[in-house]
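Source file: start-v5.pdb; contents: PDB, C-alpha atoms, pLDDT in the B column.
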ATOM      1  CA  PRO J   1      15.843 -44.547  19.848  1.00 47.00           C
ATOM      2  CA  ALA J   2      19.294 -45.108  18.357  1.00 52.00           C
ATOM      3  CA  LEU J   3      20.868 -44.480  21.748  1.00 54.00           C
ATOM      4  CA  TRP J   4      18.579 -47.005  23.432  1.00 56.00           C
ATOM      5  CA  ASP J   5      19.507 -49.560  20.779  1.00 59.00           C
ATOM      6  CA  MET J   6      23.196 -48.989  21.437  1.00 53.00           C
ATOM      7  CA  LEU J   7      22.739 -49.350  25.191  1.00 57.00           C
ATOM      8  CA  ASN J   8      20.701 -52.526  24.792  1.00 56.00           C
ATOM      9  CA  ARG J   9      23.527 -54.044  22.785  1.00 53.00           C
ATOM     10  CA  GLY J  10      25.999 -53.366  25.599  1.00 53.00           C
ATOM     11  CA  ASP J  11      27.893 -56.093  27.396  1.00 52.00           C
ATOM     12  CA  SER J  12      26.564 -57.646  30.581  1.00 54.00           C
ATOM     13  CA  PRO J  13      28.347 -56.407  33.739  1.00 53.00           C
ATOM     14  CA  PHE J  14      28.991 -60.088  34.514  1.00 53.00           C
ATOM     15  CA  VAL J  15      31.223 -60.384  31.434  1.00 59.00           C
ATOM     16  CA  ALA J  16      34.783 -59.218  32.012  1.00 63.00           C
ATOM     17  CA  SER J  17      35.361 -55.938  30.178  1.00 77.00           C
ATOM     18  CA  ARG J  18      37.758 -53.008  30.488  1.00 84.00           C
ATOM     19  CA  HIS J  19      35.371 -50.418  29.069  1.00 89.00           C
ATOM     20  CA  ASN J  20      31.710 -49.359  29.082  1.00 90.00           C
ATOM     21  CA  ARG J  21      29.650 -46.266  28.218  1.00 91.00           C
ATOM     22  CA  LEU J  22      27.993 -43.277  29.847  1.00 93.00           C
ATOM     23  CA  ALA J  23      24.766 -41.858  28.428  1.00 90.00           C
ATOM     24  CA  ALA J  24      22.856 -38.617  28.920  1.00 90.00           C
ATOM     25  CA  LEU J  25      19.116 -38.468  28.191  1.00 87.00           C
ATOM     26  CA  ARG J  26      16.721 -35.573  27.624  1.00 86.00           C
ATOM     27  CA  LEU J  27      14.463 -35.691  30.650  1.00 86.00           C
ATOM     28  CA  ARG J  28      11.237 -34.478  29.027  1.00 88.00           C
ATOM     29  CA  GLU J  29      11.412 -36.571  25.867  1.00 85.00           C
ATOM     30  CA  GLY J  30      13.363 -39.591  27.139  1.00 80.00           C
ATOM     31  CA  THR J  31      15.560 -39.431  24.036  1.00 82.00           C
ATOM     32  CA  GLY J  32      19.316 -39.645  23.829  1.00 82.00           C
ATOM     33  CA  HIS J  33      21.410 -36.498  24.256  1.00 86.00           C
ATOM     34  CA  TRP J  34      24.921 -37.949  24.090  1.00 89.00           C
ATOM     35  CA  LEU J  35      26.777 -41.216  24.543  1.00 89.00           C
ATOM     36  CA  ILE J  36      30.473 -41.496  25.406  1.00 91.00           C
ATOM     37  CA  GLY J  37      32.928 -44.322  26.020  1.00 91.00           C
ATOM     38  CA  GLY J  38      33.085 -47.734  24.398  1.00 87.00           C
ATOM     39  CA  ALA J  39      35.890 -49.755  22.891  1.00 86.00           C
ATOM     40  CA  PRO J  40      38.934 -47.945  21.481  1.00 84.00           C
ATOM     41  CA  ASP J  41      38.960 -47.853  17.689  1.00 77.00           C
ATOM     42  CA  VAL J  42      40.248 -45.757  14.796  1.00 56.00           C
ATOM     43  CA  GLN J  43      38.033 -42.804  15.808  1.00 64.00           C
ATOM     44  CA  SER J  44      38.765 -43.042  19.546  1.00 70.00           C
ATOM     45  CA  ASP J  45      38.483 -39.960  21.746  1.00 84.00           C
ATOM     46  CA  GLU J  46      39.473 -39.184  25.347  1.00 90.00           C
ATOM     47  CA  PHE J  47      36.558 -41.248  26.697  1.00 93.00           C
ATOM     48  CA  SER J  48      37.200 -44.420  24.689  1.00 92.00           C
ATOM     49  CA  GLY J  49      38.510 -47.417  26.573  1.00 92.00           C
ATOM     50  CA  LEU J  50      37.361 -46.144  29.985  1.00 95.00           C
ATOM     51  CA  PHE J  51      35.237 -48.075  32.481  1.00 95.00           C
ATOM     52  CA  PHE J  52      32.790 -45.678  34.146  1.00 96.00           C
ATOM     53  CA  LEU J  53      32.491 -46.863  37.747  1.00 94.00           C
ATOM     54  CA  GLY J  54      29.082 -45.261  38.348  1.00 93.00           C
ATOM     55  CA  ALA J  55      26.818 -42.305  37.679  1.00 94.00           C
ATOM     56  CA  PRO J  56      28.487 -38.865  37.695  1.00 96.00           C
ATOM     57  CA  LEU J  57      28.099 -36.246  40.414  1.00 97.00           C
ATOM     58  CA  ALA J  58      26.518 -33.005  39.129  1.00 96.00           C
ATOM     59  CA  HIS J  59      28.244 -30.166  40.993  1.00 96.00           C
ATOM     60  CA  GLU J  60      28.586 -26.475  40.085  1.00 94.00           C
ATOM     61  CA  GLN J  61      27.652 -27.002  36.393  1.00 93.00           C
ATOM     62  CA  ARG J  62      30.166 -29.804  35.984  1.00 96.00           C
ATOM     63  CA  LEU J  63      29.979 -33.585  36.017  1.00 97.00           C
ATOM     64  CA  TYR J  64      32.492 -35.438  38.171  1.00 98.00           C
ATOM     65  CA  THR J  65      32.770 -39.133  37.459  1.00 98.00           C
ATOM     66  CA  LEU J  66      35.048 -41.985  38.507  1.00 97.00           C
ATOM     67  CA  VAL J  67      36.559 -44.236  35.856  1.00 97.00           C
ATOM     68  CA  GLU J  68      39.076 -47.048  35.727  1.00 96.00           C
ATOM     69  CA  ASP J  69      41.676 -46.868  32.972  1.00 94.00           C
ATOM     70  CA  ARG J  70      44.156 -49.736  32.627  1.00 91.00           C
ATOM     71  CA  GLY J  71      44.180 -50.466  36.347  1.00 92.00           C
ATOM     72  CA  GLN J  72      44.111 -46.844  37.516  1.00 96.00           C
ATOM     73  CA  VAL J  73      41.100 -45.125  39.111  1.00 97.00           C
ATOM     74  CA  ARG J  74      40.751 -41.524  37.892  1.00 98.00           C
ATOM     75  CA  LEU J  75      38.441 -38.610  38.662  1.00 98.00           C
ATOM     76  CA  LEU J  76      37.190 -36.835  35.529  1.00 98.00           C
ATOM     77  CA  ALA J  77      35.728 -33.334  35.320  1.00 98.00           C
ATOM     78  CA  ILE J  78      33.354 -33.010  32.356  1.00 97.00           C
ATOM     79  CA  ASP J  79      31.581 -30.023  30.843  1.00 95.00           C
ATOM     80  CA  PRO J  80      28.176 -31.426  29.780  1.00 90.00           C
ATOM     81  CA  ALA J  81      26.930 -28.218  28.157  1.00 80.00           C
ATOM     82  CA  PRO J  82      28.052 -28.614  24.510  1.00 72.00           C
ATOM     83  CA  ALA J  83      25.172 -29.546  22.230  1.00 68.00           C
ATOM     84  CA  GLU J  84      26.650 -32.694  20.692  1.00 76.00           C
ATOM     85  CA  GLN J  85      29.350 -34.211  22.908  1.00 86.00           C
ATOM     86  CA  PRO J  86      30.612 -33.357  26.422  1.00 93.00           C
ATOM     87  CA  VAL J  87      34.132 -32.000  26.896  1.00 94.00           C
ATOM     88  CA  LEU J  88      36.757 -33.484  29.209  1.00 95.00           C
ATOM     89  CA  LEU J  89      38.195 -30.639  31.312  1.00 96.00           C
ATOM     90  CA  TRP J  90      40.743 -32.584  33.334  1.00 97.00           C
ATOM     91  CA  SER J  91      41.608 -36.068  34.588  1.00 97.00           C
ATOM     92  CA  GLN J  92      43.129 -36.759  38.020  1.00 97.00           C
ATOM     93  CA  PRO J  93      44.735 -40.102  39.030  1.00 97.00           C
ATOM     94  CA  ILE J  94      43.241 -41.362  42.303  1.00 96.00           C
ATOM     95  CA  LEU J  95      44.502 -44.906  42.887  1.00 96.00           C
ATOM     96  CA  ASN J  96      46.447 -47.673  41.177  1.00 96.00           C
ATOM     97  CA  VAL J  97      44.410 -50.849  41.662  1.00 92.00           C
ATOM     98  CA  PRO J  98      46.071 -54.242  42.386  1.00 88.00           C
ATOM     99  CA  PRO J  99      45.601 -56.675  39.461  1.00 86.00           C
ATOM    100  CA  LEU J 100      43.207 -58.987  41.328  1.00 82.00           C
ATOM    101  CA  LEU J 101      40.936 -56.026  42.113  1.00 85.00           C
ATOM    102  CA  SER J 102      40.927 -54.599  38.587  1.00 87.00           C
ATOM    103  CA  ILE J 103      37.606 -54.199  36.783  1.00 85.00           C
ATOM    104  CA  SER J 104      38.424 -57.002  34.346  1.00 82.00           C
ATOM    105  CA  GLN J 105      39.117 -59.467  37.190  1.00 81.00           C
ATOM    106  CA  ASN J 106      36.800 -58.517  40.061  1.00 80.00           C
ATOM    107  CA  GLU J 107      33.050 -58.932  39.493  1.00 76.00           C
ATOM    108  CA  LEU J 108      32.029 -57.313  42.775  1.00 77.00           C
ATOM    109  CA  ARG J 109      33.812 -54.092  41.854  1.00 83.00           C
ATOM    110  CA  ARG J 110      32.439 -54.216  38.316  1.00 82.00           C
ATOM    111  CA  THR J 111      28.849 -54.535  39.572  1.00 80.00           C
ATOM    112  CA  SER J 112      29.055 -52.098  42.529  1.00 83.00           C
ATOM    113  CA  ALA J 113      28.374 -48.558  41.302  1.00 88.00           C
ATOM    114  CA  LEU J 114      30.599 -45.796  42.729  1.00 93.00           C
ATOM    115  CA  THR J 115      29.671 -42.094  42.712  1.00 95.00           C
ATOM    116  CA  PRO J 116      31.714 -39.264  44.281  1.00 97.00           C
ATOM    117  CA  ALA J 117      30.257 -36.698  46.696  1.00 97.00           C
ATOM    118  CA  ALA J 118      31.176 -33.038  47.198  1.00 98.00           C
ATOM    119  CA  ASP J 119      31.114 -30.383  49.900  1.00 97.00           C
ATOM    120  CA  GLY J 120      32.305 -27.047  48.499  1.00 96.00           C
ATOM    121  CA  SER J 121      35.569 -27.729  46.686  1.00 97.00           C
ATOM    122  CA  VAL J 122      36.211 -31.092  48.372  1.00 98.00           C
ATOM    123  CA  VAL J 123      35.243 -34.144  46.304  1.00 98.00           C
ATOM    124  CA  VAL J 124      35.295 -37.483  48.126  1.00 98.00           C
ATOM    125  CA  CYS J 125      36.002 -40.427  45.830  1.00 97.00           C
ATOM    126  CA  PRO J 126      35.241 -44.062  46.726  1.00 95.00           C
ATOM    127  CA  THR J 127      37.276 -46.601  44.756  1.00 94.00           C
ATOM    128  CA  GLY J 128      35.736 -49.961  45.697  1.00 90.00           C
ATOM    129  CA  ALA J 129      39.287 -51.198  46.347  1.00 91.00           C
ATOM    130  CA  GLY J 130      39.665 -50.572  50.069  1.00 91.00           C
ATOM    131  CA  THR J 131      40.704 -46.907  49.761  1.00 94.00           C
ATOM    132  CA  VAL J 132      38.817 -43.596  49.717  1.00 96.00           C
ATOM    133  CA  VAL J 133      40.413 -40.370  48.441  1.00 98.00           C
ATOM    134  CA  ALA J 134      39.550 -36.673  48.791  1.00 98.00           C
ATOM    135  CA  PHE J 135      40.478 -34.139  46.098  1.00 98.00           C
ATOM    136  CA  ASP J 136      40.254 -30.324  46.184  1.00 98.00           C
ATOM    137  CA  ILE J 137      38.906 -29.271  42.781  1.00 97.00           C
ATOM    138  CA  ASP J 138      39.714 -25.566  43.338  1.00 97.00           C
ATOM    139  CA  GLN J 139      43.333 -26.053  44.384  1.00 97.00           C
ATOM    140  CA  GLN J 140      43.737 -29.107  42.119  1.00 96.00           C
ATOM    141  CA  ARG J 141      45.438 -31.197  44.783  1.00 97.00           C
ATOM    142  CA  LEU J 142      44.879 -34.418  46.696  1.00 97.00           C
ATOM    143  CA  LEU J 143      43.801 -33.728  50.293  1.00 97.00           C
ATOM    144  CA  TRP J 144      44.101 -37.222  51.714  1.00 98.00           C
ATOM    145  CA  SER J 145      43.912 -40.938  50.989  1.00 97.00           C
ATOM    146  CA  ARG J 146      42.606 -43.401  53.568  1.00 96.00           C
ATOM    147  CA  GLN J 147      42.888 -47.199  53.364  1.00 94.00           C
ATOM    148  CA  TYR J 148      40.160 -48.958  55.343  1.00 90.00           C
ATOM    149  CA  ARG J 149      40.672 -52.481  53.984  1.00 80.00           C
ATOM    150  CA  SER J 150      43.771 -54.359  52.884  1.00 62.00           C
ATOM    151  CA  ALA J 151      44.040 -54.802  49.128  1.00 53.00           C
ATOM    152  CA  GLU J 152      44.931 -58.471  49.691  1.00 51.00           C
ATOM    153  CA  GLN J 153      41.952 -59.120  51.982  1.00 54.00           C
ATOM    154  CA  GLU J 154      39.209 -61.075  50.208  1.00 52.00           C
ATOM    155  CA  ARG J 155      36.105 -62.760  51.502  1.00 52.00           C
ATOM    156  CA  PRO J 156      35.628 -66.470  50.631  1.00 47.00           C
ATOM    157  CA  MET J 157      32.328 -65.503  48.954  1.00 49.00           C
ATOM    158  CA  GLU J 158      34.248 -63.276  46.542  1.00 54.00           C
ATOM    159  CA  VAL J 159      36.567 -66.097  45.489  1.00 54.00           C
ATOM    160  CA  VAL J 160      33.670 -68.505  44.833  1.00 51.00           C
ATOM    161  CA  LEU J 161      31.652 -65.835  43.020  1.00 56.00           C
ATOM    162  CA  ARG J 162      34.560 -65.030  40.715  1.00 54.00           C
ATOM    163  CA  ASN J 163      35.074 -68.703  39.828  1.00 56.00           C
ATOM    164  CA  GLN J 164      31.352 -69.278  39.235  1.00 54.00           C
ATOM    165  CA  LEU J 165      30.975 -66.233  36.991  1.00 56.00           C
ATOM    166  CA  ARG J 166      34.073 -67.156  35.023  1.00 54.00           C
ATOM    167  CA  ALA J 167      32.650 -70.652  34.464  1.00 55.00           C
ATOM    168  CA  ARG J 168      29.335 -69.192  33.290  1.00 56.00           C
ATOM    169  CA  SER J 169      31.047 -66.826  30.838  1.00 53.00           C
ATOM    170  CA  GLN J 170      32.905 -69.836  29.366  1.00 52.00           C
ATOM    171  CA  GLY J 171      29.709 -71.857  28.967  1.00 56.00           C
ATOM    172  CA  ASP J 172      30.728 -74.431  31.604  1.00 53.00           C
ATOM    173  CA  PHE J 173      27.793 -73.824  33.918  1.00 52.00           C
ATOM    174  CA  ASP J 174      25.251 -76.444  35.038  1.00 59.00           C
ATOM    175  CA  ALA J 175      21.979 -76.069  36.961  1.00 62.00           C
ATOM    176  CA  GLN J 176      23.551 -76.780  40.342  1.00 58.00           C
ATOM    177  CA  GLN J 177      26.226 -74.130  39.800  1.00 56.00           C
ATOM    178  CA  ARG J 178      23.549 -71.669  38.682  1.00 60.00           C
ATOM    179  CA  GLN J 179      21.619 -72.209  41.919  1.00 60.00           C
ATOM    180  CA  ALA J 180      24.800 -71.749  43.950  1.00 54.00           C
ATOM    181  CA  LEU J 181      25.541 -68.518  42.089  1.00 55.00           C
ATOM    182  CA  ASP J 182      22.023 -67.229  42.739  1.00 59.00           C
ATOM    183  CA  ARG J 183      22.524 -67.849  46.455  1.00 54.00           C
ATOM    184  CA  LEU J 184      25.834 -66.005  46.376  1.00 52.00           C
ATOM    185  CA  LEU J 185      24.293 -63.031  44.597  1.00 57.00           C
ATOM    186  CA  ASP J 186      21.665 -62.936  47.346  1.00 59.00           C
ATOM    187  CA  GLU J 187      24.390 -62.550  49.990  1.00 59.00           C
ATOM    188  CA  PRO J 188      24.102 -59.277  51.962  1.00 61.00           C
ATOM    189  CA  ARG J 189      25.545 -56.359  49.988  1.00 65.00           C
ATOM    190  CA  TRP J 190      24.662 -52.724  49.469  1.00 71.00           C
ATOM    191  CA  ARG J 191      21.792 -52.482  46.959  1.00 62.00           C
ATOM    192  CA  THR J 192      22.388 -48.828  46.100  1.00 65.00           C
ATOM    193  CA  PRO J 193      25.441 -47.065  44.604  1.00 67.00           C
ATOM    194  CA  SER J 194      28.316 -46.531  47.018  1.00 74.00           C
ATOM    195  CA  ARG J 195      28.120 -42.763  47.367  1.00 88.00           C
ATOM    196  CA  PRO J 196      29.630 -40.993  50.397  1.00 94.00           C
ATOM    197  CA  ILE J 197      27.266 -38.957  52.562  1.00 95.00           C
ATOM    198  CA  ILE J 198      28.787 -35.691  53.860  1.00 96.00           C
ATOM    199  CA  HIS J 199      27.287 -33.993  56.911  1.00 94.00           C
ATOM    200  CA  ARG J 200      28.731 -31.457  59.361  1.00 95.00           C
ATOM    201  CA  GLY J 201      32.335 -32.138  58.475  1.00 96.00           C
ATOM    202  CA  LEU J 202      32.005 -35.929  58.505  1.00 97.00           C
ATOM    203  CA  VAL J 203      31.924 -38.477  55.686  1.00 97.00           C
ATOM    204  CA  LEU J 204      29.833 -41.655  55.947  1.00 95.00           C
ATOM    205  CA  LEU J 205      31.003 -44.180  53.355  1.00 94.00           C
ATOM    206  CA  PRO J 206      29.233 -47.465  52.510  1.00 90.00           C
ATOM    207  CA  THR J 207      31.942 -49.956  51.475  1.00 89.00           C
ATOM    208  CA  PRO J 208      30.763 -52.572  48.953  1.00 82.00           C
ATOM    209  CA  GLU J 209      33.970 -54.624  49.313  1.00 79.00           C
ATOM    210  CA  ASP J 210      33.142 -55.809  52.837  1.00 78.00           C
ATOM    211  CA  HIS J 211      29.555 -54.593  53.326  1.00 79.00           C
ATOM    212  CA  GLY J 212      30.639 -52.095  55.940  1.00 87.00           C
ATOM    213  CA  LEU J 213      30.410 -48.454  56.962  1.00 91.00           C
ATOM    214  CA  VAL J 214      33.287 -46.059  57.586  1.00 94.00           C
ATOM    215  CA  CYS J 215      32.996 -42.610  59.178  1.00 96.00           C
ATOM    216  CA  LEU J 216      35.804 -40.140  58.398  1.00 97.00           C
ATOM    217  CA  GLU J 217      36.746 -36.517  59.026  1.00 98.00           C
ATOM    218  CA  LEU J 218      36.085 -34.571  55.810  1.00 98.00           C
ATOM    219  CA  LEU J 219      39.177 -32.344  55.894  1.00 96.00           C
ATOM    220  CA  THR J 220      41.746 -34.816  57.230  1.00 97.00           C
ATOM    221  CA  GLY J 221      40.470 -38.290  56.375  1.00 97.00           C
ATOM    222  CA  GLU J 222      40.957 -39.440  59.964  1.00 97.00           C
ATOM    223  CA  THR J 223      38.770 -42.440  60.850  1.00 96.00           C
ATOM    224  CA  ARG J 224      36.062 -41.795  63.454  1.00 96.00           C
ATOM    225  CA  TRP J 225      34.735 -45.354  63.405  1.00 95.00           C
ATOM    226  CA  GLN J 226      34.331 -48.403  61.160  1.00 93.00           C
ATOM    227  CA  ARG J 227      32.018 -51.421  61.391  1.00 90.00           C
ATOM    228  CA  LYS J 228      30.382 -54.304  59.514  1.00 85.00           C
ATOM    229  CA  VAL J 229      26.617 -54.158  58.859  1.00 82.00           C
ATOM    230  CA  ASP J 230      25.750 -57.562  57.421  1.00 74.00           C
ATOM    231  CA  SER J 231      21.969 -57.181  57.422  1.00 72.00           C
ATOM    232  CA  ALA J 232      21.710 -53.651  55.961  1.00 73.00           C
ATOM    233  CA  LEU J 233      20.754 -52.951  52.322  1.00 74.00           C
ATOM    234  CA  TYR J 234      21.132 -49.172  51.956  1.00 78.00           C
ATOM    235  CA  VAL J 235      22.038 -46.002  53.854  1.00 82.00           C
ATOM    236  CA  ALA J 236      19.313 -43.359  54.198  1.00 78.00           C
ATOM    237  CA  ALA J 237      20.196 -39.865  55.401  1.00 68.00           C
TER     238      ALA J 237
END
If you took the structure in this file and wrote it as C-alpha cells, what would it be?
Amino acid sequence: PALWDMLNRGDSPFVASRHNRLAALRLREGTGHWLIGGAPDVQSDEFSGLFFLGAPLAHEQRLYTLVEDRGQVRLLAIDPAPAEQPVLLWSQPILNVPPLLSISQNELRRTSALTPAADGSVVVCPTGAGTVVAFDIDQQRLLWSRQYRSAEQERPMEVVLRNQLRARSQGDFDAQQRQALDRLLDEPRWRTPSRPIIHRGLVLLPTPEDHGLVCLELLTGETRWQRKVDSALYVAA
C-alpha cells in the first residue's frame, strides 16, 4: 500500500520534470517489491534524478531500461534479484539529445513510452529523438546508430501542443484552449509503447516522433524502408 501511495503522489507526465520512478510489484499479491528513482536528495543513489523512458526489457535474468539523464539517453542494465533494492550493473550512453527534444521541454517524448528489444546479445534502443541505436551487451560496444528523422524537424502540431501544455501548467488555460488541446491529443499517434519488433534479422520500429514505421537490418542498421502511417494506432506482430 505504501508504494501505491507514493506512485499516486507522482507528478503528471504533462508537467515538465527531469526525473520519475520505476516500480516493481509482486504479481500474486499486487504489493510493492521495490521503487527506484525520484528527485535527487541527501540520500540519493545511482537511480535518483533519472527519467525512465518506459518499462524495462526482461532479458536473460536482467532488466534493460532506457533513461534520460541531463539530456543524455542511457541504457541501464539492472539486476532485479536482490530482496530489497535492485542493483545497477552498468550504464551505457546512447545519445545526447538536443535541448528542444529533452524530456523537460518536449511533451511528446515525455508521454511516449520507449522500451528496448533484444535478439541474443543485440539490444535495439529507440530514443524518441529521431535516432535508434543498437548495443552488443556481450561485447559491451555500440553496433550502430541510425538517424531516421532530423533533430530539428518538428511537426506544427508539436509546437502548438507544447505551448498549450505550458499554458495549462501555468494556470493560464481557458475552456477554448482546453478543447483545442483535447483535439490535439486525439491526433493520430501510436497508442502503445514504442518497442522495436525483431524478426528474421530485421527490426521494425514504430516512431512516435512522426507516427511512422522504419524497417532496419538488425546487424548493420541499414534502412530497408521507411513510411508514414497516419491512421494506425499500434503494431501487432
What separates CA of Pro208 in chain J and CA of Glu68 in chain J is a distance of 16.6 Å
Taking the file as shown, find all residues satisfying the PyMOL selection byres ((chain J and resi 90) around 6) and write them as a list of chain:residue names.
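Selection result, ordered by chain and number: J:Leu76, J:Ala77, J:Leu88, J:Leu89, J:Ser91.
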Of J:Leu53, J:Val214, J:Cys125, J:Leu66, the one nearest to Arg149 in chain J when counting only C-alpha atoms is J:Val214
In Å, how far is it from CA of Gly71 in chain J to CA of Phe135 in chain J?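 For CA of Gly71 in chain J relative to CA of Phe135 in chain J, the distance reads 19.4 Å.
The shortest atom-to-atom distance to Pro126 in chain J, with all atoms listed in the file taken into account, belongs to J:Tyr148 out of J:Phe51, J:Trp34, J:Tyr148, J:Trp225.
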Exercise. Can you work out which one of J:Leu75, J:Leu22, J:Val97, J:Ala117 has the shortest atom-to-atom distance to Leu57 in chain J, counting all atoms listed in the file?
Key: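 The answer is J:Ala117, which sits nearest to Leu57 in chain J.
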CA of Val132 in chain J to CA of Arg146 in chain J: how many Å, to one decimal?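 Between CA of Val132 in chain J and CA of Arg146 in chain J the gap works out to 5.4 Å.
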* For the structure provided, state which residues fall under the PyMOL selection byres ((chain J and resi 203) around 7), and present them as a PyMOL selection string. => chain J and resi 196-199+201-202+204-205+215-218
The selected residues should be written to file as a PDB file, keeping the file's coordinate frame (atoms: C-alpha atoms).
ATOM      1  CA  PRO J 196      29.630 -40.993  50.397  1.00 94.00           C
ATOM      2  CA  ILE J 197      27.266 -38.957  52.562  1.00 95.00           C
ATOM      3  CA  ILE J 198      28.787 -35.691  53.860  1.00 96.00           C
ATOM      4  CA  HIS J 199      27.287 -33.993  56.911  1.00 94.00           C
ATOM      5  CA  GLY J 201      32.335 -32.138  58.475  1.00 96.00           C
ATOM      6  CA  LEU J 202      32.005 -35.929  58.505  1.00 97.00           C
ATOM      7  CA  LEU J 204      29.833 -41.655  55.947  1.00 95.00           C
ATOM      8  CA  LEU J 205      31.003 -44.180  53.355  1.00 94.00           C
ATOM      9  CA  CYS J 215      32.996 -42.610  59.178  1.00 96.00           C
ATOM     10  CA  LEU J 216      35.804 -40.140  58.398  1.00 97.00           C
ATOM     11  CA  GLU J 217      36.746 -36.517  59.026  1.00 98.00           C
ATOM     12  CA  LEU J 218      36.085 -34.571  55.810  1.00 98.00           C
TER      13      LEU J 218
END
When the PyMOL selection byres ((chain J and resi 129) around 12) is applied to the file above, which residues end up in the set, as a short mmCIF file (atom, residue, chain, number, x, y, z; two decimals) with C-alpha atoms, in the coordinates of the input?
data_model
loop_
_atom_site.label_atom_id
_atom_site.label_comp_id
_atom_site.auth_asym_id
_atom_site.auth_seq_id
_atom_site.Cartn_x
_atom_site.Cartn_y
_atom_site.Cartn_z
CA LEU J 53 32.49 -46.86 37.75
CA GLU J 68 39.08 -47.05 35.73
CA GLY J 71 44.18 -50.47 36.35
CA GLN J 72 44.11 -46.84 37.52
CA VAL J 73 41.10 -45.12 39.11
CA ILE J 94 43.24 -41.36 42.30
CA LEU J 95 44.50 -44.91 42.89
CA ASN J 96 46.45 -47.67 41.18
CA VAL J 97 44.41 -50.85 41.66
CA PRO J 98 46.07 -54.24 42.39
CA PRO J 99 45.60 -56.68 39.46
CA LEU J 100 43.21 -58.99 41.33
CA LEU J 101 40.94 -56.03 42.11
CA SER J 102 40.93 -54.60 38.59
CA ILE J 103 37.61 -54.20 36.78
CA ASN J 106 36.80 -58.52 40.06
CA LEU J 108 32.03 -57.31 42.78
CA ARG J 109 33.81 -54.09 41.85
CA ARG J 110 32.44 -54.22 38.32
CA SER J 112 29.06 -52.10 42.53
CA LEU J 114 30.60 -45.80 42.73
CA CYS J 125 36.00 -40.43 45.83
CA PRO J 126 35.24 -44.06 46.73
CA THR J 127 37.28 -46.60 44.76
CA GLY J 128 35.74 -49.96 45.70
CA GLY J 130 39.66 -50.57 50.07
CA THR J 131 40.70 -46.91 49.76
CA VAL J 132 38.82 -43.60 49.72
CA VAL J 133 40.41 -40.37 48.44
CA ARG J 146 42.61 -43.40 53.57
CA GLN J 147 42.89 -47.20 53.36
CA TYR J 148 40.16 -48.96 55.34
CA ARG J 149 40.67 -52.48 53.98
CA SER J 150 43.77 -54.36 52.88
CA ALA J 151 44.04 -54.80 49.13
CA GLU J 152 44.93 -58.47 49.69
CA GLN J 153 41.95 -59.12 51.98
CA GLU J 154 39.21 -61.08 50.21
CA SER J 194 28.32 -46.53 47.02
CA THR J 207 31.94 -49.96 51.48
CA PRO J 208 30.76 -52.57 48.95
CA GLU J 209 33.97 -54.62 49.31
CA ASP J 210 33.14 -55.81 52.84
#
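Ranking J:Leu219, J:Leu63, J:Gln140, J:Gly54 by their shortest atom-to-atom distance to Asp119 in chain J, with only C-alpha atoms included, puts J:Leu219 first.
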- Determine the nearest neighbour of Gln105 in chain J from the options J:Ser145, J:Ser44, J:Ser17, J:Gln92, counting all atoms listed in the file.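 Looking only at the distances to Gln105 in chain J, the closest residue turns out to be J:Ser17.
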Kindly list the centre and edge lengths in Å, rounded to one decimal, for the axis-aligned box that covers all listed atoms of range 62-73 of chain J plus 4 Å on each of its six sides, as AutoDock Vina command-line options.
--center_x 37.1 --center_y -40.1 --center_z 35.9 --size_x 22.2 --size_y 28.7 --size_z 14.5
If we count all atoms listed in the file, what is near Asp138 in chain J at a cut-off of 9 Å, once residues fewer than 3 positions away on the same chain are taken out, given as a VMD selection string? chain J and resid 121 to 122 141
### Query
Which one is closest to Ile137 in chain J: J:Ala232, J:Tyr64, J:Arg74, J:Thr31? Count all atoms listed in the file.
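For Ile137 in chain J, the nearest of the given residues is J:Tyr64.
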Can you put N, CA, C and O atoms back into range 220-227 of chain J and show it as a PDB file, keeping the file's coordinate frame?
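Contents of the output file out-v4.pdb:
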ATOM      1  N   THR J 220      40.495 -34.111  56.936  1.00 97.00           N
ATOM      2  CA  THR J 220      41.746 -34.816  57.230  1.00 97.00           C
ATOM      3  C   THR J 220      41.736 -36.282  56.822  1.00 97.00           C
ATOM      4  O   THR J 220      42.800 -36.888  56.678  1.00 97.00           O
ATOM      5  N   GLY J 221      40.549 -36.875  56.682  1.00 97.00           N
ATOM      6  CA  GLY J 221      40.470 -38.290  56.375  1.00 97.00           C
ATOM      7  C   GLY J 221      40.663 -39.200  57.568  1.00 97.00           C
ATOM      8  O   GLY J 221      40.700 -40.428  57.417  1.00 97.00           O
ATOM      9  N   GLU J 222      40.793 -38.618  58.766  1.00 97.00           N
ATOM     10  CA  GLU J 222      40.957 -39.440  59.964  1.00 97.00           C
ATOM     11  C   GLU J 222      39.702 -40.272  60.211  1.00 97.00           C
ATOM     12  O   GLU J 222      38.573 -39.792  60.043  1.00 97.00           O
ATOM     13  N   THR J 223      39.890 -41.531  60.622  1.00 96.00           N
ATOM     14  CA  THR J 223      38.770 -42.440  60.850  1.00 96.00           C
ATOM     15  C   THR J 223      38.133 -42.167  62.207  1.00 96.00           C
ATOM     16  O   THR J 223      38.805 -42.198  63.239  1.00 96.00           O
ATOM     17  N   ARG J 224      36.823 -41.911  62.213  1.00 96.00           N
ATOM     18  CA  ARG J 224      36.062 -41.795  63.454  1.00 96.00           C
ATOM     19  C   ARG J 224      35.670 -43.177  63.963  1.00 96.00           C
ATOM     20  O   ARG J 224      35.804 -43.490  65.122  1.00 96.00           O
ATOM     21  N   TRP J 225      35.099 -43.985  63.062  1.00 95.00           N
ATOM     22  CA  TRP J 225      34.735 -45.354  63.405  1.00 95.00           C
ATOM     23  C   TRP J 225      34.519 -46.161  62.130  1.00 95.00           C
ATOM     24  O   TRP J 225      34.378 -45.598  61.042  1.00 95.00           O
ATOM     25  N   GLN J 226      34.507 -47.487  62.288  1.00 93.00           N
ATOM     26  CA  GLN J 226      34.331 -48.403  61.160  1.00 93.00           C
ATOM     27  C   GLN J 226      33.675 -49.670  61.680  1.00 93.00           C
ATOM     28  O   GLN J 226      34.039 -50.179  62.737  1.00 93.00           O
ATOM     29  N   ARG J 227      32.682 -50.205  60.927  1.00 90.00           N
ATOM     30  CA  ARG J 227      32.018 -51.421  61.391  1.00 90.00           C
ATOM     31  C   ARG J 227      31.361 -52.169  60.230  1.00 90.00           C
ATOM     32  O   ARG J 227      31.098 -51.602  59.169  1.00 90.00           O
TER      33      ARG J 227
END
